[in-house]
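Asker: Got protein.txt for you, compact mmCIF, C-alpha atoms:
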```
# COMPACT_ATOMS: atom_id res chain seq x y z
CA MET D 623 41.33 91.74 151.27
CA MET D 624 38.35 91.15 153.55
CA THR D 625 38.63 87.92 155.53
CA PHE D 626 35.81 85.46 156.11
CA PHE D 627 35.59 86.47 159.78
CA LYS D 628 35.44 90.18 158.94
CA ARG D 629 32.64 89.62 156.42
CA ALA D 630 30.75 87.51 158.98
CA ARG D 631 31.12 90.25 161.61
CA ILE D 632 29.83 92.90 159.22
CA ARG D 633 26.84 90.75 158.26
CA TYR D 634 26.09 90.22 161.97
CA ILE D 635 26.19 93.97 162.72
CA LEU D 636 24.04 94.85 159.71
CA HIS D 637 21.46 92.24 160.74
CA ARG D 638 21.38 92.77 164.50
CA HIS D 639 21.76 96.56 164.52
CA ALA D 640 19.83 97.54 161.40
CA ILE D 641 18.57 101.12 161.21
CA ALA D 642 14.79 101.29 161.51
CA HIS D 643 13.14 102.08 158.17
CA ASP D 644 11.12 105.05 159.47
CA LEU D 645 14.19 106.56 161.12
CA TRP D 646 16.25 106.15 157.94
CA VAL D 647 13.58 107.81 155.81
CA GLU D 648 13.18 110.69 158.26
CA ALA D 649 16.94 111.34 158.38
CA THR D 650 17.66 111.08 154.67
CA GLU D 651 14.71 113.26 153.70
CA LYS D 652 16.25 116.06 155.76
CA LEU D 653 19.59 115.90 153.92
CA ALA D 654 19.65 117.86 150.67
CA VAL D 655 23.20 116.62 150.04
CA LEU D 656 21.78 113.17 149.23
CA GLN D 657 19.55 114.36 146.40
CA GLY D 658 20.08 112.45 143.16
CA MET D 659 21.73 109.42 144.74
CA THR D 660 20.76 106.10 143.19
CA SER D 661 19.02 103.39 145.20
CA VAL D 662 22.24 101.35 145.11
CA GLU D 663 24.27 104.27 146.50
CA LYS D 664 21.70 104.87 149.25
CA ALA D 665 21.69 101.18 150.17
CA HIS D 666 25.49 101.22 150.50
CA LEU D 667 25.32 104.46 152.48
CA ARG D 668 22.80 102.86 154.83
CA GLU D 669 25.14 99.93 155.45
CA LEU D 670 28.09 102.24 156.15
CA SER D 671 25.93 104.35 158.48
CA THR D 672 24.86 101.22 160.37
CA LEU D 673 28.48 100.20 160.88
CA PHE D 674 29.43 103.76 161.85
CA LEU D 675 26.73 103.93 164.53
CA TYR D 676 27.82 100.55 165.87
CA GLU D 677 31.52 101.46 166.02
CA LYS D 678 31.23 104.98 167.41
CA LYS D 679 30.16 106.36 170.79
CA PHE D 680 28.15 109.60 170.65
CA PHE D 681 28.32 112.14 173.46
CA GLY D 682 26.43 115.39 173.94
CA ALA D 683 28.70 118.12 175.35
CA GLN D 684 27.47 120.62 177.93
CA GLU D 685 24.61 118.24 178.84
CA PHE D 686 23.25 118.42 175.29
CA GLN D 687 20.69 115.66 174.78
CA LEU D 688 21.18 113.67 171.60
CA THR D 689 18.43 111.69 169.88
CA ASP D 690 18.73 108.67 167.60
CA LEU D 691 17.75 110.92 164.69
CA MET D 692 20.54 113.41 165.44
CA CYS D 693 23.13 110.64 165.63
CA LEU D 694 21.93 109.12 162.37
CA ILE D 695 21.99 112.47 160.55
CA ILE D 696 25.63 112.94 161.60
CA ALA D 697 26.52 109.34 160.73
CA VAL D 698 25.03 109.56 157.24
CA GLN D 699 26.99 112.71 156.40
CA ALA D 700 30.17 111.25 157.89
CA CYS D 701 29.81 108.14 155.72
CA LEU D 702 28.98 109.95 152.47
CA PRO D 703 32.65 110.73 151.66
CA ALA D 704 33.51 107.09 152.51
CA LEU D 705 31.25 105.54 149.87
CA GLY D 706 34.20 104.92 147.57
CA PHE D 707 36.44 103.62 150.35
CA GLY D 708 34.41 101.50 152.78
CA ILE D 709 34.13 101.71 156.55
CA ASP D 710 37.82 100.97 157.19
CA CYS D 711 38.79 104.55 156.38
CA LEU D 712 36.65 105.73 159.32
CA LEU D 713 38.07 103.31 161.90
CA GLY D 714 40.89 104.01 164.37
CA TRP D 715 38.87 106.47 166.45
CA ILE D 716 35.76 106.08 168.59
CA GLU D 717 34.09 109.24 169.85
CA VAL D 718 31.68 111.68 168.23
CA ILE D 719 31.17 114.73 170.45
CA VAL D 720 28.29 117.05 169.66
CA TYR D 721 28.04 120.56 171.09
CA PRO D 722 24.73 122.42 170.98
CA ALA D 723 26.40 125.32 169.12
CA ALA D 724 29.85 126.77 168.41
CA PHE D 725 32.30 126.00 171.20
CA ARG D 726 35.34 127.83 172.53
CA VAL D 727 38.81 126.32 172.84
CA SER D 728 41.94 127.69 174.51
CA ARG D 729 45.40 126.72 173.33
CA ASP D 730 49.02 127.71 173.77
CA GLU D 731 50.79 127.87 170.40
CA LYS D 732 54.38 128.61 169.42
CA ASP D 733 55.16 131.05 166.65
CA ALA D 734 58.10 130.77 164.24
CA ALA D 735 60.40 132.39 166.80
CA GLY D 736 59.45 129.88 169.49
CA VAL D 737 57.39 132.36 171.49
CA VAL D 738 54.28 130.82 173.09
CA HIS D 739 50.99 132.66 172.59
CA HIS D 740 47.72 131.92 174.35
CA ARG D 741 44.84 131.82 171.89
CA GLU D 742 41.08 131.43 172.29
CA GLN D 743 38.74 130.81 169.39
CA ALA D 744 35.22 129.69 168.63
CA LEU D 745 34.92 126.55 166.50
CA ILE D 746 32.04 124.72 164.83
CA GLY D 747 34.01 121.51 164.27
CA GLU D 748 37.32 119.84 165.03
CA SER D 749 39.02 116.50 164.47
CA TRP D 750 42.30 114.67 164.95
CA SER D 751 43.72 111.54 163.38
CA ARG D 752 43.00 109.27 166.36
CA GLY D 753 40.85 111.64 168.36
CA PRO D 754 37.14 112.40 168.33
CA LEU D 755 35.00 113.98 165.65
CA ILE D 756 33.58 117.17 167.22
CA VAL D 757 30.76 119.19 165.66
CA SER D 758 28.24 121.89 166.53
CA TRP D 759 24.66 120.66 166.16
CA GLU D 760 23.44 124.16 165.36
CA ASP D 761 25.72 124.14 162.31
CA VAL D 762 24.83 120.57 161.36
CA GLU D 763 21.18 121.69 161.26
CA ARG D 764 22.05 124.79 159.24
CA ASP D 765 23.93 122.71 156.68
CA MET D 766 21.20 120.10 156.20
CA GLN D 767 18.92 121.99 153.82
CA ASP D 768 21.29 124.63 152.47
CA LYS D 769 22.48 122.63 149.46
CA HIS D 770 23.93 125.59 147.54
CA SER D 771 26.17 127.13 150.21
CA GLY D 772 28.99 124.59 149.97
CA HIS D 773 29.11 124.36 153.76
CA ASN D 774 28.98 121.06 155.65
CA VAL D 775 30.80 120.81 158.96
CA VAL D 776 30.59 117.00 159.16
CA ILE D 777 32.03 116.48 155.67
CA HIS D 778 34.72 119.10 156.41
CA GLU D 779 35.93 117.24 159.50
CA ILE D 780 35.72 113.82 157.84
CA ALA D 781 37.86 115.19 154.99
CA HIS D 782 40.48 116.07 157.63
CA LYS D 783 40.22 112.52 158.96
CA LEU D 784 40.82 111.10 155.48
CA ASP D 785 43.67 113.54 154.90
CA MET D 786 45.37 112.39 158.11
CA LEU D 787 45.33 108.70 157.19
CA ASN D 788 48.92 109.13 155.99
CA GLY D 789 50.10 111.74 158.49
CA ALA D 790 49.42 115.45 158.86
CA ALA D 791 46.38 117.24 157.45
CA ASP D 792 48.29 118.70 154.53
CA GLY D 793 45.86 118.30 151.63
CA PHE D 794 47.59 115.17 150.37
CA PRO D 795 45.63 112.11 151.54
CA PRO D 796 46.48 108.57 150.39
CA LEU D 797 45.11 108.48 146.85
CA GLN D 798 43.01 105.79 145.22
CA PRO D 799 44.83 103.08 143.23
CA GLY D 800 45.47 104.26 139.69
CA MET D 801 45.43 107.97 140.53
CA ILE D 802 48.47 109.92 139.34
CA ILE D 803 50.18 111.80 142.16
CA THR D 804 51.55 114.57 139.94
CA GLU D 805 48.10 115.30 138.50
CA TRP D 806 46.61 115.59 142.00
CA SER D 807 49.45 117.79 143.21
CA THR D 808 49.42 120.04 140.14
CA ALA D 809 45.65 120.58 140.13
CA LEU D 810 45.26 121.26 143.85
CA SER D 811 48.44 123.32 144.23
CA ALA D 812 47.55 125.61 141.33
CA ALA D 813 44.00 126.10 142.63
CA TYR D 814 45.19 126.75 146.18
CA GLU D 815 47.87 129.24 145.16
CA GLY D 816 45.42 131.04 142.90
CA LEU D 817 42.88 131.24 145.72
CA VAL D 818 45.48 132.62 148.14
CA LYS D 819 46.36 135.37 145.64
CA ARG D 820 42.71 136.27 145.11
CA VAL D 821 42.15 136.53 148.87
CA GLU D 822 45.33 138.59 149.35
CA HIS D 823 44.22 141.01 146.62
CA ARG D 824 40.68 141.14 147.99
CA HIS D 825 39.13 139.66 144.84
CA ARG D 826 36.05 137.46 144.93
CA PRO D 827 37.36 134.03 145.97
CA TYR D 828 34.58 131.86 144.38
CA ILE D 829 34.58 129.55 147.41
CA ASN D 830 34.82 130.05 151.17
CA PRO D 831 38.02 132.10 151.72
CA TYR D 832 38.79 129.92 154.76
CA ALA D 833 40.13 127.46 152.15
CA ALA D 834 43.12 129.80 151.74
CA THR D 835 44.25 129.20 155.34
CA ASN D 836 46.54 126.27 154.42
CA PRO D 837 46.50 123.23 152.06
CA GLY D 838 44.79 121.06 154.68
CA GLU D 839 41.88 123.46 155.06
CA PHE D 840 41.76 123.87 151.28
CA PHE D 841 41.22 120.12 150.87
CA ALA D 842 38.50 120.08 153.55
CA VAL D 843 36.65 123.07 152.06
CA ILE D 844 36.77 121.80 148.47
CA SER D 845 35.44 118.48 149.76
CA GLU D 846 32.46 120.37 151.20
CA TYR D 847 31.84 122.02 147.83
CA PHE D 848 32.35 118.75 145.96
CA PHE D 849 29.40 117.18 147.77
CA CYS D 850 27.24 120.21 148.58
CA ALA D 851 27.81 122.66 145.71
CA PRO D 852 29.54 120.67 142.95
CA GLU D 853 28.44 123.10 140.25
CA ILE D 854 30.41 125.91 141.92
CA LEU D 855 33.53 123.79 142.30
CA GLN D 856 33.38 122.43 138.77
CA ALA D 857 32.76 125.86 137.23
CA ASN D 858 35.70 127.51 138.98
CA PHE D 859 38.13 124.63 139.61
CA ALA D 860 37.40 122.01 136.94
CA ASP D 861 40.72 120.19 137.38
CA VAL D 862 40.17 120.00 141.14
CA TYR D 863 36.66 118.64 140.63
CA GLN D 864 38.03 115.94 138.33
CA GLN D 865 40.64 114.89 140.90
CA LEU D 866 38.07 114.74 143.71
CA GLN D 867 35.78 112.71 141.46
CA LEU D 868 38.58 110.16 141.06
CA TYR D 869 39.47 110.32 144.76
CA TYR D 870 35.97 109.97 146.20
CA ARG D 871 34.80 107.73 143.33
CA GLN D 872 31.59 109.74 143.15
CA ASN D 873 30.08 112.36 140.84
CA PRO D 874 27.76 114.66 142.79
CA LEU D 875 27.37 117.01 139.82
CA LEU D 876 25.91 114.21 137.71
CA ARG D 877 23.51 113.38 140.56
CA ARG D 878 22.30 116.98 140.61
CA GLN D 879 21.84 117.02 136.85
CA LEU D 880 19.87 113.77 136.83
CA ASP D 881 17.81 114.86 139.83
CA SER D 882 16.77 118.10 138.09
CA LYS D 883 15.40 116.30 135.01
```
The structure given in the file should be rewritten as structure tokens.
Answerer:
Amino acid sequence: MMTFFKRARIRYILHRHAIAHDLWVEATEKLAVLQGMTSVEKAHLRELSTLFLYEKKFFGAQEFQLTDLMCLIIAVQACLPALGFGIDCLLGWIEVIVYPAAFRVSRDEKDAAGVVHHREQALIGESWSRGPLIVSWEDVERDMQDKHSGHNVVIHEIAHKLDMLNGAADGFPPLQPGMIITEWSTALSAAYEGLVKRVEHRHRPYINPYAATNPGEFFAVISEYFFCAPEILQANFADVYQQLQLYYRQNPLLRRQLDSK
């Protein structure tokens, strides 16, 4: 339950650090993922984005120069999955690091036999439970207008953050009150196992085959599709779409349908 002091603090932030109208309009008009949202939803999203910008510190990696517009575009997409939760689900970490493009990381990893292997890979996003949100601006820009691809690096990494609220990124985040655990587990497990088989047999996977990497990546990828290409997710994984609709307390497919009328 929100205390009097917490409500007062939120009101103070929203008043003293309000997002300029022109900046808000410019940012939201660039984001196809927001199409069909009601004025009430957009007003709530604006409040969450204001709190997000206040709570987080943005850094440009490799001397990349960030603008207020760039930071707002990232904040809005980060807050979209949180509409049904509130800002508390995005607290507990501070930094947002933005690379100009894909970035390389080097890590030592142990295999099942305990042997350490050195691995280098190029990433477009990364996140940890208490660590920073890291994204490639080149990919953020690419995702902004491509509403049918089902790709959104910011939403992907925020889904990992939500997944890790109760531990590891395993595709089993803390569910909303009233959701039935067995229904979530059955729907997502069946879809994930079916996707893995399709990828192994080189059949068309319907969604990004990266989702077959592990259950955590499956949850992050289907979250991208839920917001950015809901018609694809609903057509091929109807039970999964229904569970995400309950989890996120949003219905992007209905927004698309209303927006097209």
Asker: Which of these residues is nearest to His639 of chain D, using only C-alpha atoms: D:Gln767, D:Thr835, D:Ser661, D:Thr672?
Answerer: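 Of all the options, D:Thr672 lies closest to His639 of chain D.
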Asker: Could you tell me which of D:Asp765, D:Asp644, D:Glu760, D:Glu853 comes closest to Gln699 of chain D if we count all atoms listed in the file?
Answerer: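 Smallest separation from Gln699 of chain D among the options: D:Asp765.
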Asker: Show me, as an NGL selection string, the residues that have an atom within 9 Å of segment 815-832 of chain D when counting only C-alpha atoms, minus same-chain residues fewer than 3 positions from it.
Answerer: :D and (772-773 or 810-812 or 835-836 or 839-840 or 843-844 or 847 or 854-855 or 858)
Asker: I'd like to know which of D:Val718, D:Leu787, D:Ala724, D:Ile635 is closest to Asp761 of chain D, using all atoms listed in the file.
Answerer: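 Once distances to Asp761 of chain D are computed over all atoms listed in the file, the minimum belongs to D:Ala724.
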Asker: Tell me, as a VMD selection string, which residues lie within 8 Å of Cys701 of chain D, counting all atoms listed in the file; anything in the same chain fewer than 4 positions away does not count.
Answerer: chain D and resid 667 670 to 671 674 697 705 709
